[in-house]
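Have a look at data.pdb; it's PDB, C-alpha atoms and all ligand atoms:
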```pdb
ATOM      1  CA  MET A   1     -18.037  13.472   5.571
ATOM      2  CA  GLU A   2     -16.752  16.623   7.248
ATOM      3  CA  VAL A   3     -14.225  17.653   4.632
ATOM      4  CA  ALA A   4     -14.760  20.275   1.957
ATOM      5  CA  MET A   5     -15.451  19.046  -1.572
ATOM      6  CA  ASP A   6     -14.134  20.344  -4.855
ATOM      7  CA  THR A   7     -15.032  19.487  -8.397
ATOM      8  CA  PRO A   8     -12.821  16.740  -9.862
ATOM      9  CA  ARG A   9      -9.685  17.789 -11.670
ATOM     10  CA  ARG A  10      -7.111  15.561 -13.292
ATOM     11  CA  VAL A  11      -3.729  15.674 -11.644
ATOM     12  CA  GLU A  12      -1.393  17.981 -13.524
ATOM     13  CA  HIS A  13       2.175  16.837 -14.072
ATOM     14  CA  GLN A  14       5.285  18.897 -13.798
ATOM     15  CA  LEU A  15       8.716  18.112 -15.215
ATOM     16  CA  THR A  16      11.292  17.937 -12.417
ATOM     17  CA  ASP A  17      14.683  16.281 -12.039
ATOM     18  CA  LYS A  18      12.761  13.126 -11.118
ATOM     19  CA  GLY A  19      10.855  13.172 -14.388
ATOM     20  CA  TYR A  20       7.170  14.040 -14.538
ATOM     21  CA  VAL A  21       5.633  14.010 -11.082
ATOM     22  CA  PRO A  22       2.071  14.770 -10.057
ATOM     23  CA  VAL A  23       1.322  18.125  -8.520
ATOM     24  CA  TYR A  24      -0.037  17.217  -5.135
ATOM     25  CA  THR A  25      -3.437  18.565  -4.210
ATOM     26  CA  THR A  26      -5.293  18.247  -0.943
ATOM     27  CA  ALA A  27      -8.707  18.359  -2.591
ATOM     28  CA  VAL A  28     -11.318  15.805  -1.580
ATOM     29  CA  VAL A  29     -13.552  15.110  -4.549
ATOM     30  CA  GLU A  30     -16.818  13.350  -5.198
ATOM     31  CA  GLN A  31     -16.162  10.238  -7.277
ATOM     32  CA  PRO A  32     -17.287  11.314 -10.775
ATOM     33  CA  TRP A  33     -18.759   7.897 -11.382
ATOM     34  CA  GLY A  34     -20.959   8.901 -14.293
ATOM     35  CA  GLU A  35     -17.923  10.152 -16.185
ATOM     36  CA  TYR A  36     -16.066   6.863 -16.338
ATOM     37  CA  THR A  37     -15.933   5.701 -19.945
ATOM     38  CA  ALA A  38     -16.606   2.185 -21.236
ATOM     39  CA  SER A  39     -12.841   1.872 -21.577
ATOM     40  CA  ASP A  40     -12.338   2.809 -17.879
ATOM     41  CA  HIS A  41     -14.786   0.090 -16.808
ATOM     42  CA  GLU A  42     -13.041  -2.352 -19.106
ATOM     43  CA  VAL A  43      -9.642  -1.592 -17.570
ATOM     44  CA  TRP A  44     -11.136  -2.290 -14.146
ATOM     45  CA  ALA A  45     -12.733  -5.542 -15.365
ATOM     46  CA  THR A  46      -9.558  -6.761 -17.047
ATOM     47  CA  LEU A  47      -7.343  -6.064 -14.042
ATOM     48  CA  PHE A  48      -9.892  -7.355 -11.558
ATOM     49  CA  LYS A  49     -10.325 -10.683 -13.358
ATOM     50  CA  ARG A  50      -6.612 -11.069 -14.004
ATOM     51  CA  GLN A  51      -5.746 -10.595 -10.323
ATOM     52  CA  ARG A  52      -8.615 -12.678  -8.958
ATOM     53  CA  GLU A  53      -7.446 -15.484 -11.189
ATOM     54  CA  ILE A  54      -3.913 -15.596  -9.818
ATOM     55  CA  LEU A  55      -4.497 -14.509  -6.193
ATOM     56  CA  PRO A  56      -6.222 -17.584  -4.712
ATOM     57  CA  GLY A  57      -3.399 -19.510  -3.024
ATOM     58  CA  ARG A  58      -1.200 -16.413  -3.189
ATOM     59  CA  ALA A  59      -3.095 -13.608  -1.408
ATOM     60  CA  SER A  60      -3.992 -13.691   2.270
ATOM     61  CA  SER A  61      -7.258 -15.591   2.725
ATOM     62  CA  GLU A  62      -8.499 -12.609   4.729
ATOM     63  CA  PHE A  63      -7.858 -10.262   1.798
ATOM     64  CA  LEU A  64      -9.769 -12.485  -0.617
ATOM     65  CA  ALA A  65     -12.678 -13.060   1.757
ATOM     66  CA  GLN A  66     -13.026  -9.381   2.638
ATOM     67  CA  GLN A  67     -12.874  -8.308  -0.977
ATOM     68  CA  GLU A  68     -15.815 -10.573  -1.657
ATOM     69  CA  ALA A  69     -17.617  -9.440   1.493
ATOM     70  CA  MET A  70     -17.384  -5.842   0.265
ATOM     71  CA  GLY A  71     -19.112  -6.757  -2.939
ATOM     72  CA  MET A  72     -16.285  -5.667  -5.248
ATOM     73  CA  ALA A  73     -16.757  -7.316  -8.628
ATOM     74  CA  SER A  74     -15.439  -7.111 -12.143
ATOM     75  CA  ASP A  75     -18.571  -5.896 -13.920
ATOM     76  CA  GLN A  76     -18.058  -2.190 -13.284
ATOM     77  CA  ILE A  77     -15.919   0.256 -11.311
ATOM     78  CA  PRO A  78     -17.365   0.149  -7.804
ATOM     79  CA  LYS A  79     -19.099   3.243  -6.450
ATOM     80  CA  PHE A  80     -17.538   4.560  -3.250
ATOM     81  CA  ASP A  81     -21.081   5.322  -2.093
ATOM     82  CA  ASP A  82     -21.993   1.623  -2.372
ATOM     83  CA  LEU A  83     -18.868   0.391  -0.566
ATOM     84  CA  ASN A  84     -18.953   2.955   2.233
ATOM     85  CA  PRO A  85     -21.975   1.653   4.171
ATOM     86  CA  VAL A  86     -20.428  -1.833   4.200
ATOM     87  CA  LEU A  87     -17.037  -0.537   5.290
ATOM     88  CA  ARG A  88     -18.434   1.863   7.901
ATOM     89  CA  LYS A  89     -20.444  -0.905   9.447
ATOM     90  CA  ALA A  90     -17.483  -3.292   9.578
ATOM     91  CA  THR A  91     -14.754  -1.038  10.983
ATOM     92  CA  GLY A  92     -15.834   2.617  10.910
ATOM     93  CA  TRP A  93     -13.636   3.432   7.898
ATOM     94  CA  GLU A  94     -14.853   5.324   4.845
ATOM     95  CA  LEU A  95     -13.443   6.023   1.409
ATOM     96  CA  ILE A  96     -12.884   9.559   0.163
ATOM     97  CA  GLY A  97     -12.048  10.455  -3.427
ATOM     98  CA  VAL A  98      -8.786  12.283  -4.155
ATOM     99  CA  GLU A  99      -6.839  13.388  -7.223
ATOM    100  CA  GLY A 100      -3.732  11.396  -6.350
ATOM    101  CA  LEU A 101      -0.871  11.411  -3.879
ATOM    102  CA  LEU A 102      -1.445  13.729  -0.933
ATOM    103  CA  PRO A 103       1.015  15.760   1.120
ATOM    104  CA  GLU A 104       2.197  13.582   4.007
ATOM    105  CA  LEU A 105       0.446  15.345   6.867
ATOM    106  CA  THR A 106      -2.889  15.459   5.020
ATOM    107  CA  PHE A 107      -2.614  11.740   4.310
ATOM    108  CA  PHE A 108      -1.804  10.905   7.948
ATOM    109  CA  GLU A 109      -4.721  13.007   9.205
ATOM    110  CA  HIS A 110      -7.160  11.192   6.935
ATOM    111  CA  LEU A 111      -5.940   7.805   8.150
ATOM    112  CA  ALA A 112      -6.054   8.859  11.792
ATOM    113  CA  ASN A 113      -9.716   9.734  11.234
ATOM    114  CA  ARG A 114     -10.450   6.466   9.424
ATOM    115  CA  ARG A 115     -10.795   8.085   6.009
ATOM    116  CA  PHE A 116      -8.978   6.220   3.258
ATOM    117  CA  PRO A 117      -8.092   8.403   0.256
ATOM    118  CA  VAL A 118      -8.783   6.629  -3.042
ATOM    119  CA  THR A 119      -7.532   8.080  -6.327
ATOM    120  CA  TRP A 120     -10.692   8.509  -8.405
ATOM    121  CA  TRP A 121      -9.168   8.002 -11.885
ATOM    122  CA  ILE A 122      -8.089   4.713 -13.387
ATOM    123  CA  ARG A 123      -5.054   3.924 -15.569
ATOM    124  CA  LYS A 124      -5.291   3.710 -19.361
ATOM    125  CA  PRO A 125      -5.392   0.397 -21.277
ATOM    126  CA  ASP A 126      -1.695   0.717 -22.199
ATOM    127  CA  GLN A 127      -0.722   0.967 -18.503
ATOM    128  CA  LEU A 128      -2.125  -2.343 -17.242
ATOM    129  CA  ASP A 129       1.223  -3.604 -15.984
ATOM    130  CA  TYR A 130       2.913  -0.520 -14.677
ATOM    131  CA  LEU A 131       2.328   3.064 -13.757
ATOM    132  CA  SER A 132       4.413   5.255 -11.505
ATOM    133  CA  GLU A 133       1.700   6.620  -9.231
ATOM    134  CA  PRO A 134      -1.316   5.117  -7.462
ATOM    135  CA  ASP A 135      -4.587   4.960  -9.398
ATOM    136  CA  LEU A 136      -8.060   3.685  -8.556
ATOM    137  CA  PHE A 137      -7.177   0.070  -9.203
ATOM    138  CA  HIS A 138      -4.221   0.077  -6.826
ATOM    139  CA  ASP A 139      -6.047   2.034  -4.127
ATOM    140  CA  LEU A 140      -9.408   0.300  -4.279
ATOM    141  CA  PHE A 141      -8.550  -3.256  -5.217
ATOM    142  CA  GLY A 142      -5.280  -3.278  -3.272
ATOM    143  CA  HIS A 143      -5.825  -1.274  -0.097
ATOM    144  CA  VAL A 144      -9.508  -1.310   0.712
ATOM    145  CA  PRO A 145     -10.367  -5.003   1.349
ATOM    146  CA  LEU A 146      -8.196  -5.295   4.481
ATOM    147  CA  LEU A 147      -9.784  -2.152   5.925
ATOM    148  CA  MET A 148     -12.724  -4.518   6.539
ATOM    149  CA  ASN A 149     -10.577  -6.497   8.983
ATOM    150  CA  PRO A 150     -10.894  -4.977  12.493
ATOM    151  CA  VAL A 151      -7.260  -5.525  13.491
ATOM    152  CA  PHE A 152      -5.798  -4.232  10.239
ATOM    153  CA  ALA A 153      -8.269  -1.327  10.322
ATOM    154  CA  ASP A 154      -6.985  -0.349  13.768
ATOM    155  CA  TYR A 155      -3.392  -0.667  12.562
ATOM    156  CA  MET A 156      -4.025   1.754   9.698
ATOM    157  CA  ALA A 157      -5.633   4.333  11.995
ATOM    158  CA  ALA A 158      -2.798   3.946  14.528
ATOM    159  CA  TYR A 159      -0.363   4.433  11.655
ATOM    160  CA  GLY A 160      -2.116   7.693  10.775
ATOM    161  CA  ARG A 161      -1.796   8.965  14.355
ATOM    162  CA  GLY A 162       1.825   7.817  14.392
ATOM    163  CA  GLY A 163       2.363   9.726  11.160
ATOM    164  CA  VAL A 164       1.033  12.971  12.580
ATOM    165  CA  LYS A 165       3.380  12.495  15.521
ATOM    166  CA  ALA A 166       6.411  11.629  13.369
ATOM    167  CA  HIS A 167       5.710  14.651  11.193
ATOM    168  CA  GLY A 168       6.083  16.823  14.294
ATOM    169  CA  ILE A 169       9.365  15.118  15.211
ATOM    170  CA  GLY A 170      11.215  15.478  11.940
ATOM    171  CA  GLN A 171      12.416  14.087   8.657
ATOM    172  CA  ASP A 172      14.374  11.109  10.071
ATOM    173  CA  ALA A 173      11.340   9.874  11.988
ATOM    174  CA  LEU A 174       9.224  10.181   8.845
ATOM    175  CA  VAL A 175      11.734   8.151   6.856
ATOM    176  CA  ASN A 176      11.633   5.373   9.467
ATOM    177  CA  LEU A 177       7.839   5.369   9.554
ATOM    178  CA  THR A 178       7.525   5.427   5.768
ATOM    179  CA  ARG A 179       9.689   2.307   5.532
ATOM    180  CA  LEU A 180       7.296   0.575   7.936
ATOM    181  CA  TYR A 181       4.360   1.470   5.675
ATOM    182  CA  TRP A 182       6.228   0.325   2.610
ATOM    183  CA  TYR A 183       7.249  -3.064   4.000
ATOM    184  CA  THR A 184       3.863  -3.806   5.606
ATOM    185  CA  VAL A 185       0.897  -2.023   4.028
ATOM    186  CA  GLU A 186       2.385  -1.896   0.523
ATOM    187  CA  PHE A 187       4.657  -4.951   0.267
ATOM    188  CA  GLY A 188       3.924  -7.194   3.258
ATOM    189  CA  LEU A 189       3.732 -10.974   3.301
ATOM    190  CA  ILE A 190       1.948 -13.035   5.961
ATOM    191  CA  ARG A 191       2.580 -16.600   7.087
ATOM    192  CA  GLU A 192      -0.664 -18.560   6.954
ATOM    193  CA  LYS A 193      -1.277 -22.260   7.690
ATOM    194  CA  GLN A 194      -0.790 -23.203   4.057
ATOM    195  CA  GLY A 195       2.301 -21.080   3.522
ATOM    196  CA  LEU A 196       3.361 -17.525   2.731
ATOM    197  CA  ARG A 197       0.656 -15.233   1.417
ATOM    198  CA  ILE A 198       0.472 -11.636   0.183
ATOM    199  CA  TYR A 199      -1.291  -8.843   2.045
ATOM    200  CA  GLY A 200       0.586  -5.801   0.701
ATOM    201  CA  SER A 201      -1.437  -3.637  -1.693
ATOM    202  CA  GLY A 202       1.489  -2.846  -3.943
ATOM    203  CA  ILE A 203       1.805  -6.563  -4.573
ATOM    204  CA  VAL A 204      -1.836  -7.635  -4.895
ATOM    205  CA  SER A 205      -2.458  -4.924  -7.478
ATOM    206  CA  SER A 206       0.455  -6.154  -9.633
ATOM    207  CA  LYS A 207       0.408  -9.402 -11.566
ATOM    208  CA  GLY A 208       4.166  -9.593 -11.988
ATOM    209  CA  GLU A 209       5.024  -8.912  -8.375
ATOM    210  CA  SER A 210       2.264 -11.224  -7.052
ATOM    211  CA  ILE A 211       4.111 -14.113  -8.649
ATOM    212  CA  HIS A 212       7.642 -12.818  -8.117
ATOM    213  CA  CYS A 213       7.373 -12.124  -4.375
ATOM    214  CA  LEU A 214       6.425 -15.722  -3.551
ATOM    215  CA  GLU A 215       7.884 -17.840  -6.322
ATOM    216  CA  SER A 216      11.130 -16.154  -7.290
ATOM    217  CA  LYS A 217      14.375 -17.123  -5.566
ATOM    218  CA  ALA A 218      15.773 -13.633  -6.201
ATOM    219  CA  PRO A 219      14.306 -11.670  -3.250
ATOM    220  CA  ASN A 220      14.910 -12.103   0.471
ATOM    221  CA  ARG A 221      11.920 -13.174   2.525
ATOM    222  CA  ILE A 222      12.599 -12.256   6.149
ATOM    223  CA  GLY A 223      10.578 -12.323   9.386
ATOM    224  CA  PHE A 224       9.005  -9.053  10.538
ATOM    225  CA  ASP A 225      11.210  -6.999  12.850
ATOM    226  CA  LEU A 226      10.177  -3.397  13.533
ATOM    227  CA  GLU A 227      13.567  -1.738  13.901
ATOM    228  CA  ARG A 228      15.095  -3.801  11.118
ATOM    229  CA  ILE A 229      12.353  -2.603   8.778
ATOM    230  CA  MET A 230      12.673   1.011   9.890
ATOM    231  CA  ARG A 231      16.326   0.912   8.875
ATOM    232  CA  THR A 232      15.852  -0.767   5.499
ATOM    233  CA  ARG A 233      15.830   1.205   2.253
ATOM    234  CA  TYR A 234      13.522   0.075  -0.541
ATOM    235  CA  ARG A 235      12.857   0.135  -4.292
ATOM    236  CA  ILE A 236      10.342   2.333  -6.021
ATOM    237  CA  ASP A 237      11.284   1.415  -9.580
ATOM    238  CA  THR A 238      11.642  -2.391  -9.550
ATOM    239  CA  PHE A 239      10.316  -5.380  -7.629
ATOM    240  CA  GLN A 240      11.400  -5.324  -3.975
ATOM    241  CA  LYS A 241      14.687  -7.004  -3.075
ATOM    242  CA  THR A 242      13.322  -7.931   0.341
ATOM    243  CA  TYR A 243       9.864  -8.816   1.656
ATOM    244  CA  PHE A 244       9.090  -8.961   5.384
ATOM    245  CA  VAL A 245       6.768 -11.636   6.712
ATOM    246  CA  ILE A 246       4.309 -11.205   9.595
ATOM    247  CA  ASP A 247       2.743 -14.137  11.478
ATOM    248  CA  SER A 248      -0.596 -12.411  11.960
ATOM    249  CA  TYR A 249      -2.276  -9.005  11.798
ATOM    250  CA  GLU A 250      -2.285  -9.110  15.610
ATOM    251  CA  GLN A 251       1.508  -9.305  15.578
ATOM    252  CA  LEU A 252       1.631  -6.164  13.446
ATOM    253  CA  MET A 253      -0.660  -4.339  15.863
ATOM    254  CA  GLU A 254       1.247  -5.439  18.958
ATOM    255  CA  ALA A 255       4.719  -4.786  17.582
ATOM    256  CA  THR A 256       3.765  -1.247  16.590
ATOM    257  CA  GLY A 257       1.899  -0.436  19.826
ATOM    258  CA  PRO A 258       4.815   1.052  21.833
ATOM    259  CA  ASP A 259       5.780   4.718  21.588
ATOM    260  CA  PHE A 260       8.157   5.101  18.646
ATOM    261  CA  SER A 261       9.840   8.279  19.940
ATOM    262  CA  PRO A 262      12.744   6.521  21.691
ATOM    263  CA  ILE A 263      13.136   4.205  18.686
ATOM    264  CA  TYR A 264      13.382   7.161  16.291
ATOM    265  CA  GLU A 265      15.985   8.702  18.553
ATOM    266  CA  LYS A 266      18.049   5.538  18.681
ATOM    267  CA  LEU A 267      17.842   4.873  14.932
ATOM    268  CA  ALA A 268      18.843   8.426  14.023
ATOM    269  CA  ALA A 269      22.381   7.534  15.086
ATOM    270  CA  LEU A 270      22.515   4.256  13.151
ATOM    271  CA  PRO A 271      23.168   3.597   9.444
ATOM    272  CA  SER A 272      20.427   2.327   7.155
ATOM    273  CA  PHE A 273      20.524  -1.106   5.469
ATOM    274  CA  PRO A 274      20.629  -1.623   1.691
ATOM    275  CA  ALA A 275      17.318  -2.944   0.343
ATOM    276  CA  GLY A 276      18.739  -6.363  -0.494
ATOM    277  CA  SER A 277      20.932  -7.002   2.533
ATOM    278  CA  VAL A 278      20.574  -9.855   5.029
ATOM    279  CA  GLN A 279      21.486  -8.907   8.590
ATOM    280  CA  ASP A 280      22.635 -10.899  11.628
ATOM    281  CA  GLY A 281      19.585 -11.885  13.597
ATOM    282  CA  ASP A 282      17.256 -11.999  10.602
ATOM    283  CA  GLN A 283      14.742 -14.831  10.526
ATOM    284  CA  VAL A 284      15.433 -15.893   6.949
ATOM    285  CA  PHE A 285      12.709 -17.722   5.010
ATOM    286  CA  ASN A 286      14.545 -17.201   1.759
ATOM    287  CA  ARG A 287      17.978 -15.742   1.216
ATOM    288  CA  GLY A 288      17.673 -13.988  -2.109
ATOM    289  CA  THR A 289      19.943 -14.943  -4.968
ATOM    290  CA  GLY A 290      19.907 -11.318  -6.053
ATOM    291  CA  GLU A 291      19.244 -12.305  -9.633
ATOM    292  CA  GLY A 292      18.280  -9.310 -11.734
ATOM    293  CA  TRP A 293      19.023  -6.752  -9.052
ATOM    294  CA  LEU A 294      20.237  -3.281  -9.947
ATOM    295  CA  ASP A 295      23.122  -2.169  -7.739
ATOM    296  CA  ASP A 296      22.025   1.363  -7.193
ATOM    297  CA  GLY A 297      18.656   2.994  -6.780
ATOM    298  CA  ASP A 298      17.622   1.997  -3.253
ATOM    299  CA  VAL A 299      15.731   4.929  -1.730
TER
HETATM  300  N1  LIG B 301       3.203   3.414  18.174
HETATM  301  C1  LIG B 301       3.572   4.358  17.144
HETATM  302  C2  LIG B 301       4.132   5.643  17.717
HETATM  303  O1  LIG B 301       4.202   5.827  18.884
HETATM  304  C3  LIG B 301       2.380   4.690  16.256
HETATM  305  C4  LIG B 301       2.147   3.645  15.216
HETATM  306  C5  LIG B 301       1.245   2.629  15.380
HETATM  307  C6  LIG B 301       2.847   3.712  14.044
HETATM  308  C7  LIG B 301       1.026   1.695  14.406
HETATM  309  C8  LIG B 301       2.636   2.787  13.051
HETATM  310  C9  LIG B 301       1.738   1.778  13.230
HETATM  311  O2  LIG B 301       4.536   6.486  16.971
HETATM  312 FE    FE B 302      -0.561   2.253  -1.992
END
```

If you took the structure in this file and wrote it as structure tokens, what would it be?
Amino acid sequence: MEVAMDTPRRVEHQLTDKGYVPVYTTAVVEQPWGEYTASDHEVWATLFKRQREILPGRASSEFLAQQEAMGMASDQIPKFDDLNPVLRKATGWELIGVEGLLPELTFFEHLANRRFPVTWWIRKPDQLDYLSEPDLFHDLFGHVPLLMNPVFADYMAAYGRGGVKAHGIGQDALVNLTRLYWYTVEFGLIREKQGLRIYGSGIVSSKGESIHCLESKAPNRIGFDLERIMRTRYRIDTFQKTYFVIDSYEQLMEATGPDFSPIYEKLAALPSFPAGSVQDGDQVFNRGTGEGWLDDGDV
């Protein structure tokens, strides 16, 4: 690794008008594996087993197969140093430890260089179902398995390069690109032979949303469409109102291949769509009933 290391520090929180938010730090840290407590390993084991029990038949077969291929298991928190040789060999990616959310440009630069930042600390036993920021379980269990897939691995690196570019263009471009990440990497569904499956990390790391996104009639399930997604606001505090469905990882790669600059320019003049809306031209797999939706709060 060519990045400077620091000693691990817990993320500090600051009270702002959005509540307590983590103070972002760019530090890359060595995973303090020896310092995980028995309770930390137990949280990992509990969440790992709980998700692996409900994900067969719900998660993308590729996600499940690659998670196994990596050697992730419930018995203890995996060591980044054990996973990295496997991952490097498969797709050239490696995991780096971080304190938590990174500033945008730092994050994009890591991705562009095939470094995936993984939060080193894990949630507490009273936070199994919800926490407001990514932890080790979300990052490692949710994001890392698909980095073993060559097409998805290329998509993530291309996204990183696209992020660096969008950052140079401006805030509107970043908003459009962030929505793409949200509706694919974090909350994407994929159509497999047997039916709709989950590949988004925000879903696979959540028991409630893993069931809700496929089985509930409340949310929209709509075919992937790049510009449609770039215009669609989303939820950060509740289950998504809309999920977008890809046909294959190849489709994702191909649809995002063209230069986004003219798209950003065009979209800057157009209004955004509410998170739960259905638009003309949508390929609708499920038109959401909207049950349980809050009216405001789309970001
Ligand atoms: N093609 C995009 C651009 O020109 C980059 C990109 C690729 C973004 C893949 C996201 C995913 O900006
Ligand atoms: Fe995430």

Note to self: Show me which residues line ligand FE 302 (chain B), defined as having an atom within 6 Å of a ligand atom where all atoms listed in the file count, and present them as JSON, numbers by chain.
What the structure shows: {"A": [139, 186, 201, 202]}

Write out as lines of an AutoDock Vina configuration file an axis-aligned box for ligand LIG 301 (chain B): all of its atoms listed in the file, 6 Å added on each side, centre and edge lengths in Å with one decimal.
```
center_x = 2.8
center_y = 4.1
center_z = 16.0
size_x = 15.5
size_y = 16.8
size_z = 17.8
```

Margin query: Show me which residues line ligand LIG 301 (chain B), defined as having an atom within 8 Å of a ligand atom where all atoms listed in the file count, and present them as a ChimeraX atom specification.
Written below: /A:155-163,165-166,177,180-181,252-253,256-261

Can you spit out the residues from that selection as a PDB file, in the frame of the given file, using C-alpha atoms?
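Result file follows (out_9.pdb):
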```
ATOM      1  CA  TYR A 155      -3.392  -0.667  12.562  1.00  0.00           C
ATOM      2  CA  MET A 156      -4.025   1.754   9.698  1.00  0.00           C
ATOM      3  CA  ALA A 157      -5.633   4.333  11.995  1.00  0.00           C
ATOM      4  CA  ALA A 158      -2.798   3.946  14.528  1.00  0.00           C
ATOM      5  CA  TYR A 159      -0.363   4.433  11.655  1.00  0.00           C
ATOM      6  CA  GLY A 160      -2.116   7.693  10.775  1.00  0.00           C
ATOM      7  CA  ARG A 161      -1.796   8.965  14.355  1.00  0.00           C
ATOM      8  CA  GLY A 162       1.825   7.817  14.392  1.00  0.00           C
ATOM      9  CA  GLY A 163       2.363   9.726  11.160  1.00  0.00           C
ATOM     10  CA  LYS A 165       3.380  12.495  15.521  1.00  0.00           C
ATOM     11  CA  ALA A 166       6.411  11.629  13.369  1.00  0.00           C
ATOM     12  CA  LEU A 177       7.839   5.369   9.554  1.00  0.00           C
ATOM     13  CA  LEU A 180       7.296   0.575   7.936  1.00  0.00           C
ATOM     14  CA  TYR A 181       4.360   1.470   5.675  1.00  0.00           C
ATOM     15  CA  LEU A 252       1.631  -6.164  13.446  1.00  0.00           C
ATOM     16  CA  MET A 253      -0.660  -4.339  15.863  1.00  0.00           C
ATOM     17  CA  THR A 256       3.765  -1.247  16.590  1.00  0.00           C
ATOM     18  CA  GLY A 257       1.899  -0.436  19.826  1.00  0.00           C
ATOM     19  CA  PRO A 258       4.815   1.052  21.833  1.00  0.00           C
ATOM     20  CA  ASP A 259       5.780   4.718  21.588  1.00  0.00           C
ATOM     21  CA  PHE A 260       8.157   5.101  18.646  1.00  0.00           C
ATOM     22  CA  SER A 261       9.840   8.279  19.940  1.00  0.00           C
TER      23      SER A 261
END
```

Next item on the list: Step by step, work through what the PyMOL selection byres (((chain A and resi 178) around 12) and not hetatm) selects in the shown file, and finish by giving those residues as a ChimeraX atom specification.
Entry: /A:104,108,159-160,162-163,166-167,171-177,179-186,229-234,299

Next item on the list: List the neighbours of Asp247 of chain A out to 8 Å using all atoms listed in the file; skip same-chain residues closer than 4 positions along the sequence, and give me the result as a PyMOL selection string.
Entry: chain A and resi 190-192+251

Next item on the list: Please indicate the distance in Å from atom CA of Ile203 of chain A to atom CA of Pro271 of chain A, rounded to one decimal place.
Entry: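 Separation between atom CA of Ile203 of chain A and atom CA of Pro271 of chain A: 27.5 Å.
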
Could you produce a table of the residues of segment 147-252 of chain A lying within 10 Å of segment 81-101 of chain A, with the nearest pair of atoms per residue and their separation in Å rounded to one decimal, using only C-alpha atoms, ordered by chain and increasing residue number, as JSON lines?
```
{"residue": "A:Leu147", "atom": "CA", "partner": "A:Trp93", "partner_atom": "CA", "distance": 7.1}
{"residue": "A:Met148", "atom": "CA", "partner": "A:Ala90", "partner_atom": "CA", "distance": 5.8}
{"residue": "A:Asn149", "atom": "CA", "partner": "A:Thr91", "partner_atom": "CA", "distance": 7.2}
{"residue": "A:Pro150", "atom": "CA", "partner": "A:Thr91", "partner_atom": "CA", "distance": 5.7}
{"residue": "A:Val151", "atom": "CA", "partner": "A:Thr91", "partner_atom": "CA", "distance": 9.1}
{"residue": "A:Phe152", "atom": "CA", "partner": "A:Thr91", "partner_atom": "CA", "distance": 9.5}
{"residue": "A:Ala153", "atom": "CA", "partner": "A:Thr91", "partner_atom": "CA", "distance": 6.5}
{"residue": "A:Asp154", "atom": "CA", "partner": "A:Thr91", "partner_atom": "CA", "distance": 8.3}
{"residue": "A:Met156", "atom": "CA", "partner": "A:Trp93", "partner_atom": "CA", "distance": 9.9}
{"residue": "A:Ala157", "atom": "CA", "partner": "A:Trp93", "partner_atom": "CA", "distance": 9.0}
```

Note to self: Show me the residues close to (17.9, -0.9, -5.0) - anything with an atom within 12 Å, counting only C-alpha atoms - and format the list as a PyMOL selection string.
What the structure shows: chain A and resi 219+232-242+273-277+290+292-299

Check: Near Phe141 of chain A, counting only C-alpha atoms, which residues have an atom at most 9 Å away, once you skip same-chain residues fewer than 6 positions from it, shown as a PyMOL selection string?
Finding: chain A and resi 48+67+72+201+204-205

Checklist line | Residues returned when the PyMOL selection byres (((chain A and resi 55) around 9) and not hetatm) runs on this file, as a ChimeraX atom specification | finding: /A:50-54,56-60,64,198,204,207,210-211

Next item on the list: For atom CA of Gly195 of chain A and atom CA of Met70 of chain A, quote the distance in Å rounded to one decimal.
Entry: 25.1 Å

Checklist line | Nearest to Glu35 of chain A by atom-to-atom distance, counting all atoms listed in the file, from A:Ala69, A:Phe224, A:Ile122, A:Leu267 | finding: A:Ile122

Margin query: Just to confirm, what's the straight-line distance from atom CA of Pro125 of chain A to atom CA of Gln76 of chain A in Å (one decimal)?
Written below: 15.2 Å

Item checked: Which residue of A:Val164, A:Gly170, A:Leu131, A:Ala45 approaches Thr106 of chain A most closely, using all atoms listed in the file -> A:Val164

Item checked: Selection dump of the PyMOL selection byres (((chain A and resi 221) around 9) and not hetatm), as number ranges by chain -> A: 189, 213-214, 219-220, 222-223, 241-245, 283-288

Check: Looking at A:Ser248, A:Arg228, A:Ala255, A:Thr289, which one is nearest to Ser272 of chain A, with distances taken over only C-alpha atoms?
Finding: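 Result for the nearest residue to Ser272 of chain A: A:Arg228.
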